[in-house]
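Novice: This is work-v2.cif (mmCIF, C-alpha atoms).
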```cif
data_target
#
loop_
_atom_site.label_atom_id
_atom_site.label_comp_id
_atom_site.auth_asym_id
_atom_site.auth_seq_id
_atom_site.Cartn_x
_atom_site.Cartn_y
_atom_site.Cartn_z
CA MET A 1 12.07 -26.21 -5.14
CA THR A 2 11.53 -22.47 -4.90
CA ASP A 3 9.75 -22.34 -8.27
CA SER A 4 7.40 -25.27 -7.67
CA PRO A 5 3.66 -24.53 -8.04
CA GLU A 6 3.11 -25.34 -4.36
CA TYR A 7 5.84 -22.94 -3.24
CA LEU A 8 4.66 -20.16 -5.54
CA LYS A 9 1.09 -20.57 -4.35
CA LYS A 10 2.18 -20.47 -0.70
CA ARG A 11 4.37 -17.43 -1.30
CA ALA A 12 1.56 -15.61 -3.12
CA PHE A 13 -0.72 -16.26 -0.15
CA PHE A 14 1.74 -14.88 2.40
CA ASP A 15 2.46 -11.89 0.13
CA SER A 16 -1.27 -11.15 0.27
CA LEU A 17 -1.33 -10.92 4.07
CA LEU A 18 -1.70 -7.49 5.61
CA THR A 19 -1.42 -7.32 9.41
CA ILE A 20 -3.35 -4.55 11.09
CA TYR A 21 -3.36 -3.82 14.82
CA GLY A 22 -5.17 -1.88 17.49
CA ARG A 23 -8.49 -2.81 19.05
CA LYS A 24 -10.77 -0.47 17.13
CA PRO A 25 -9.24 -1.06 13.66
CA VAL A 26 -9.34 -4.82 14.23
CA LEU A 27 -12.95 -4.65 15.44
CA GLU A 28 -13.98 -2.60 12.39
CA ALA A 29 -12.25 -5.09 10.07
CA LEU A 30 -14.01 -8.04 11.71
CA GLU A 31 -17.35 -6.26 11.38
CA ASP A 32 -16.81 -5.99 7.62
CA GLY A 33 -17.82 -9.42 6.35
CA SER A 34 -16.37 -8.67 2.89
CA LEU A 35 -12.80 -8.68 4.23
CA PRO A 36 -11.14 -12.11 4.12
CA VAL A 37 -9.50 -12.68 7.51
CA HIS A 38 -6.72 -15.23 8.00
CA LYS A 39 -5.95 -15.14 11.74
CA LEU A 40 -6.57 -13.11 14.89
CA HIS A 41 -3.69 -12.65 17.35
CA LEU A 42 -4.38 -11.78 21.00
CA ALA A 43 -1.91 -11.16 23.81
CA ASP A 44 -2.42 -13.35 26.88
CA SER A 45 -2.12 -10.26 29.07
CA ASN A 46 -5.18 -8.54 27.59
CA ARG A 47 -7.82 -7.49 30.09
CA LYS A 48 -11.26 -8.75 29.11
CA ASP A 49 -12.93 -5.43 28.33
CA GLN A 50 -15.91 -4.79 26.08
CA LEU A 51 -13.83 -4.40 22.90
CA ILE A 52 -11.84 -7.59 23.45
CA SER A 53 -15.03 -9.54 24.18
CA ARG A 54 -16.66 -8.24 21.00
CA ILE A 55 -13.53 -9.03 18.94
CA GLU A 56 -13.50 -12.60 20.25
CA GLN A 57 -17.23 -12.96 19.62
CA LEU A 58 -16.97 -11.82 16.00
CA ALA A 59 -13.96 -14.08 15.38
CA ALA A 60 -15.89 -17.06 16.76
CA GLU A 61 -18.96 -16.23 14.67
CA ARG A 62 -16.84 -16.02 11.52
CA GLN A 63 -14.89 -19.16 12.49
CA ILE A 64 -11.58 -17.29 12.40
CA GLU A 65 -8.55 -18.88 14.00
CA ILE A 66 -7.51 -17.16 17.24
CA ALA A 67 -3.86 -17.40 18.30
CA HIS A 68 -3.01 -16.45 21.88
CA CYS A 69 0.59 -15.45 22.56
CA ASP A 70 2.71 -13.53 25.03
CA ARG A 71 3.24 -9.79 24.72
CA LYS A 72 6.65 -10.06 23.05
CA ALA A 73 5.36 -12.43 20.37
CA LEU A 74 2.39 -10.15 19.69
CA SER A 75 4.76 -7.20 19.30
CA ARG A 76 6.79 -9.12 16.70
CA ILE A 77 3.60 -9.78 14.75
CA SER A 78 2.26 -6.21 14.89
CA LYS A 79 5.70 -4.56 14.60
CA ASN A 80 4.34 -1.75 16.78
CA ALA A 81 4.41 -2.64 20.47
CA LYS A 82 3.41 0.88 21.56
CA GLN A 83 0.15 0.99 19.60
CA ASP A 84 -1.04 -2.58 18.99
CA GLN A 85 -3.04 -2.72 22.29
CA GLY A 86 -2.44 -6.47 22.43
CA VAL A 87 -4.41 -7.17 19.23
CA ALA A 88 -3.38 -7.92 15.64
CA LEU A 89 -5.28 -9.28 12.66
CA ASP A 90 -3.99 -10.90 9.47
CA LEU A 91 -6.08 -9.97 6.42
CA ALA A 92 -5.69 -12.06 3.27
CA LEU A 93 -6.26 -9.38 0.65
CA PRO A 94 -6.26 -10.47 -3.01
CA LYS A 95 -5.04 -7.02 -4.11
CA TYR A 96 -2.14 -6.92 -1.66
CA GLY A 97 1.04 -8.41 -3.04
CA ASP A 98 4.55 -8.07 -4.41
CA ALA A 99 5.67 -5.50 -7.00
CA GLU A 100 7.94 -7.88 -8.92
CA THR A 101 5.22 -10.53 -9.08
CA PHE A 102 2.87 -7.90 -10.52
CA LEU A 103 5.50 -7.07 -13.17
CA LYS A 104 5.89 -10.72 -14.18
CA GLU A 105 2.14 -11.14 -14.51
CA ASN A 106 1.49 -7.84 -16.34
CA ARG A 107 4.61 -7.14 -18.40
CA LYS A 108 2.65 -7.10 -21.66
CA GLN A 109 -0.34 -5.23 -20.26
CA HIS A 110 -1.13 -1.54 -19.96
CA PHE A 111 -1.16 -0.22 -16.41
CA GLU A 112 -0.75 2.95 -14.40
CA LEU A 113 0.85 2.82 -10.96
CA LEU A 114 1.89 5.27 -8.28
CA ALA A 115 5.26 4.63 -6.62
CA LEU A 116 5.81 6.18 -3.21
CA ASP A 117 9.32 7.27 -2.27
CA GLY A 118 9.65 8.28 1.37
CA ILE A 119 6.05 9.29 2.08
CA THR A 120 6.28 9.49 5.87
CA ASN A 121 3.04 11.21 6.87
CA PRO A 122 0.32 8.59 7.60
CA GLN A 123 -2.47 10.98 6.66
CA ASN A 124 -0.84 11.70 3.30
CA LEU A 125 -0.43 7.98 2.65
CA GLY A 126 -4.06 7.31 3.48
CA MET A 127 -5.28 10.13 1.24
CA ILE A 128 -3.03 8.96 -1.62
CA ILE A 129 -4.52 5.47 -1.33
CA ARG A 130 -8.03 6.93 -1.35
CA SER A 131 -7.38 9.04 -4.47
CA ALA A 132 -5.70 6.16 -6.31
CA CYS A 133 -8.63 3.87 -5.56
CA ALA A 134 -11.27 6.43 -6.53
CA GLY A 135 -9.42 7.51 -9.68
CA GLY A 136 -8.86 4.01 -11.03
CA ILE A 137 -5.07 3.77 -10.65
CA ASP A 138 -4.06 0.11 -11.03
CA GLY A 139 -1.94 0.01 -7.87
CA LEU A 140 0.61 1.61 -5.57
CA ILE A 141 4.19 0.47 -5.15
CA LEU A 142 5.00 0.88 -1.46
CA PRO A 143 8.46 0.07 -0.04
CA ARG A 144 8.51 -1.84 3.23
CA LYS A 145 10.97 0.67 4.70
CA GLY A 146 11.25 4.44 4.42
CA CYS A 147 7.52 5.12 4.09
CA ALA A 148 4.79 5.40 6.68
CA GLN A 149 3.64 1.99 7.86
CA ILE A 150 0.08 0.88 7.24
CA ASP A 151 -1.38 1.56 10.67
CA PRO A 152 -4.69 2.74 12.14
CA LEU A 153 -4.00 6.35 11.10
CA VAL A 154 -3.47 5.31 7.46
CA ILE A 155 -6.55 3.09 7.50
CA LYS A 156 -8.63 5.96 8.91
CA ALA A 157 -7.30 8.48 6.38
CA SER A 158 -7.99 6.07 3.50
CA VAL A 159 -11.63 5.79 4.66
CA GLY A 160 -11.65 2.05 4.03
CA THR A 161 -10.26 2.23 0.48
CA LEU A 162 -7.02 0.59 1.63
CA PHE A 163 -8.80 -2.75 1.44
CA LYS A 164 -9.94 -2.11 -2.13
CA THR A 165 -6.64 -0.86 -3.54
CA ARG A 166 -3.82 -2.94 -5.04
CA ILE A 167 -0.82 -2.40 -2.77
CA LEU A 168 2.46 -3.74 -4.20
CA ARG A 169 5.26 -4.10 -1.66
CA CYS A 170 9.00 -4.07 -2.34
CA ASP A 171 12.16 -3.89 -0.26
CA GLN A 172 13.81 -1.04 -2.17
CA LEU A 173 12.07 1.17 -4.69
CA ALA A 174 14.90 2.11 -7.10
CA PRO A 175 15.85 -1.45 -8.20
CA VAL A 176 12.20 -2.34 -8.74
CA LEU A 177 11.59 0.75 -10.86
CA LYS A 178 14.59 -0.18 -13.00
CA LYS A 179 13.11 -3.63 -13.59
CA PHE A 180 9.81 -2.06 -14.66
CA SER A 181 11.59 0.30 -17.09
CA GLU A 182 13.61 -2.60 -18.53
CA GLN A 183 10.29 -4.27 -19.37
CA GLY A 184 9.04 -1.20 -21.21
CA ALA A 185 7.31 0.82 -18.52
CA ARG A 186 7.75 4.57 -18.41
CA VAL A 187 8.84 5.74 -14.95
CA CYS A 188 7.97 9.40 -14.38
CA ALA A 189 9.22 11.71 -11.67
CA LEU A 190 7.42 14.98 -10.99
CA SER A 191 9.66 18.00 -11.59
CA SER A 192 8.85 21.70 -11.86
CA HIS A 193 11.57 22.02 -14.53
CA ALA A 194 10.24 19.31 -16.89
CA SER A 195 9.05 20.24 -20.36
CA ASP A 196 6.32 17.55 -20.51
CA THR A 197 3.15 17.86 -18.48
CA LEU A 198 0.45 15.44 -17.40
CA ARG A 199 -1.57 16.55 -20.42
CA THR A 200 1.15 15.89 -22.99
CA ILE A 201 2.30 12.38 -22.10
CA ASP A 202 1.33 9.39 -24.24
CA ASP A 203 -1.17 7.35 -22.26
CA ARG A 204 -0.73 4.22 -24.38
CA GLU A 205 2.40 3.09 -22.53
CA PRO A 206 2.44 1.44 -19.10
CA THR A 207 3.41 4.21 -16.71
CA ILE A 208 4.57 4.63 -13.14
CA PHE A 209 4.26 8.04 -11.48
CA VAL A 210 6.77 8.53 -8.68
CA LEU A 211 5.79 10.65 -5.69
CA GLY A 212 8.59 11.83 -3.41
CA ASN A 213 9.01 12.74 0.23
CA GLU A 214 6.92 15.62 1.58
CA THR A 215 10.01 17.77 2.25
CA HIS A 216 12.90 16.47 0.16
CA GLY A 217 11.09 15.12 -2.88
CA VAL A 218 12.34 12.11 -4.84
CA SER A 219 15.54 10.55 -3.49
CA PRO A 220 18.67 10.51 -5.72
CA ALA A 221 18.61 6.72 -6.23
CA VAL A 222 14.96 6.76 -7.29
CA GLU A 223 15.55 9.86 -9.44
CA ASN A 224 18.21 7.94 -11.35
CA ALA A 225 15.78 5.09 -11.94
CA CYS A 226 13.21 7.39 -13.59
CA THR A 227 13.04 7.56 -17.37
CA HIS A 228 10.88 10.68 -17.74
CA ARG A 229 10.16 13.98 -15.98
CA LEU A 230 6.73 15.60 -15.77
CA ARG A 231 5.42 18.82 -14.32
CA ILE A 232 2.05 20.11 -13.23
CA PRO A 233 1.55 23.64 -14.57
CA MET A 234 0.87 26.10 -11.75
CA GLN A 235 -0.03 29.75 -11.54
CA ASN A 236 0.85 32.72 -9.31
CA GLY A 237 4.35 31.58 -8.46
CA VAL A 238 3.31 28.43 -6.60
CA GLU A 239 6.20 25.97 -6.79
CA SER A 240 4.74 22.74 -5.41
CA LEU A 241 1.63 21.00 -4.10
CA ASN A 242 0.97 18.68 -1.21
CA VAL A 243 1.88 15.14 -2.30
CA ALA A 244 -1.64 13.86 -1.67
CA ILE A 245 -3.07 16.60 -3.90
CA THR A 246 -0.56 15.66 -6.60
CA ALA A 247 -1.66 12.03 -6.35
CA ALA A 248 -5.29 13.10 -6.78
CA LEU A 249 -4.49 15.16 -9.90
CA ILE A 250 -2.66 12.20 -11.45
CA SER A 251 -5.38 9.73 -10.52
CA PHE A 252 -8.22 11.81 -11.93
CA ARG A 253 -6.54 13.36 -14.96
CA HIS A 254 -8.68 11.31 -17.38
CA GLN A 255 -11.96 11.96 -15.61
CA TYR A 256 -12.61 15.53 -16.72
#
```
Before we go any further, please render this structure as structure tokens.
Specialist:
Amino acid sequence: MTDSPEYLKKRAFFDSLLTIYGRKPVLEALEDGSLPVHKLHLADSNRKDQLISRIEQLAAERQIEIAHCDRKALSRISKNAKQDQGVALDLALPKYGDAETFLKENRKQHFELLALDGITNPQNLGMIIRSACAGGIDGLILPRKGCAQIDPLVIKASVGTLFKTRILRCDQLAPVLKKFSEQGARVCALSSHASDTLRTIDDREPTIFVLGNETHGVSPAVENACTHRLRIPMQNGVESLNVAITAALISFRHQY
């Protein structure tokens, strides 16, 4: 049965898996003993260079399962054949999961989330993750498609905070935001024409702040799923800010 405790436990585990790839990112993850690793994947065609030897050594020392596979299978695991360098690593992160599961478990709790709609620049995504982690945001809703993938560039830009931040995946953002609003969450889009500002909103309600694409902003479908509009007051005729800067202002608005 799909709702049996065994099934739900197994699904929660696989929802918590984050696969990273590339020799240096994988090596750095293996060197961090605080990161729970599920499995190391290596392509049979890998040449035994210094990095591969060190990766295998660390995996053996930590008693991590090593799966050898052909190049095509490795590419299916990494989902990035051009950049995986024949190496992928499954991390079992307790804060990495599913947005709808988070809603079921926290529907009567107060929370603040960032929802990312079409953030395509890896550096922006990494900096958003870093700001959310540092500012105490409870998590980020990140669609599986339409946003930058979590890759070595994102990991580097997040300066390691990716592994400390609750990442909530979903297939499509708009339907998930509607489910959150139906359970009482306030879903806020940033708009320069809004009357309310970050300073005037009621912080007692669970809230999701939606951040849109770097060029086009929030998509129409996601815009329709939002229940509120907010603006960040700006001076000297400036109309907008970089999305990562906006995320930082939201994340730290209670700190000062």
Novice: Written as a list in words, which residues does the PyMOL selection byres ((chain A and resi 52) around 12) give for the file shown?
Specialist: Gly22, Arg23, Lys24, Val26, Leu27, Leu30, Leu40, His41, Leu42, Ala43, Asp44, Ser45, Asn46, Arg47, Lys48, Asp49, Gln50, Leu51, Ser53, Arg54, Ile55, Glu56, Gln57, Leu58, Ala59, Gln85, Gly86, Val87 and Ala88 of chain A
Novice: What gap, in Å, lies between CA of Leu241 (chain A) and CA of Leu190 (chain A)?
Specialist: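 Interatomic distance, CA of Leu241 (chain A) to CA of Leu190 (chain A): 10.8 Å.
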Novice: For the file shown, what are the residues hit by the PyMOL selection byres ((chain A and resi 219) around 12), laid out as a CSV table (one decimal) with C-alpha atoms, in the coordinates of the input?
Specialist:
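Full text of selection02.csv as output:
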```csv
chain,number,residue,atom,x,y,z
A,116,LEU,CA,5.8,6.2,-3.2
A,117,ASP,CA,9.3,7.3,-2.3
A,118,GLY,CA,9.6,8.3,1.4
A,119,ILE,CA,6.0,9.3,2.1
A,146,GLY,CA,11.2,4.4,4.4
A,172,GLN,CA,13.8,-1.0,-2.2
A,173,LEU,CA,12.1,1.2,-4.7
A,174,ALA,CA,14.9,2.1,-7.1
A,189,ALA,CA,9.2,11.7,-11.7
A,190,LEU,CA,7.4,15.0,-11.0
A,210,VAL,CA,6.8,8.5,-8.7
A,211,LEU,CA,5.8,10.6,-5.7
A,212,GLY,CA,8.6,11.8,-3.4
A,213,ASN,CA,9.0,12.7,0.2
A,214,GLU,CA,6.9,15.6,1.6
A,215,THR,CA,10.0,17.8,2.2
A,216,HIS,CA,12.9,16.5,0.2
A,217,GLY,CA,11.1,15.1,-2.9
A,218,VAL,CA,12.3,12.1,-4.8
A,220,PRO,CA,18.7,10.5,-5.7
A,221,ALA,CA,18.6,6.7,-6.2
A,222,VAL,CA,15.0,6.8,-7.3
A,223,GLU,CA,15.6,9.9,-9.4
A,224,ASN,CA,18.2,7.9,-11.4
A,225,ALA,CA,15.8,5.1,-11.9
A,226,CYS,CA,13.2,7.4,-13.6
```
Novice: Can you list, as a PyMOL selection string, every protein, DNA or RNA residue that comes within 6 Å of region 227-236 of chain A when you count all atoms listed in the file, leaving out same-chain residues fewer than 2 positions away?
Specialist: chain A and resi 187-192+194+196-197+238
Novice: Return as an NGL selection string the set of residues that the PyMOL selection byres ((chain A and resi 160) around 12) yields on the displayed structure.
Specialist: :A and (25 or 28-29 or 32 or 34-35 or 126-127 or 129-131 or 133-134 or 152-159 or 161-165)
Novice: Just the number, please: distance in Å from CA of Leu93 (chain A) to CA of Pro143 (chain A), one decimal.
Specialist: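 These atoms are spaced 17.5 Å apart.
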Novice: Using all atoms listed in the file, pick whichever of A:Lys178, A:Arg71, A:Lys95, A:Arg11 has the shortest atom-to-atom distance to Leu140 (chain A).
Specialist: A:Lys95
Novice: Which one of A:Pro94, A:Gly184, A:Gly237, A:Pro36 sits closest to Thr207 (chain A) if you count all atoms listed in the file?
Specialist: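 Comparing A:Pro94, A:Gly184, A:Gly237, A:Pro36 against Thr207 (chain A), the winner is A:Gly184.
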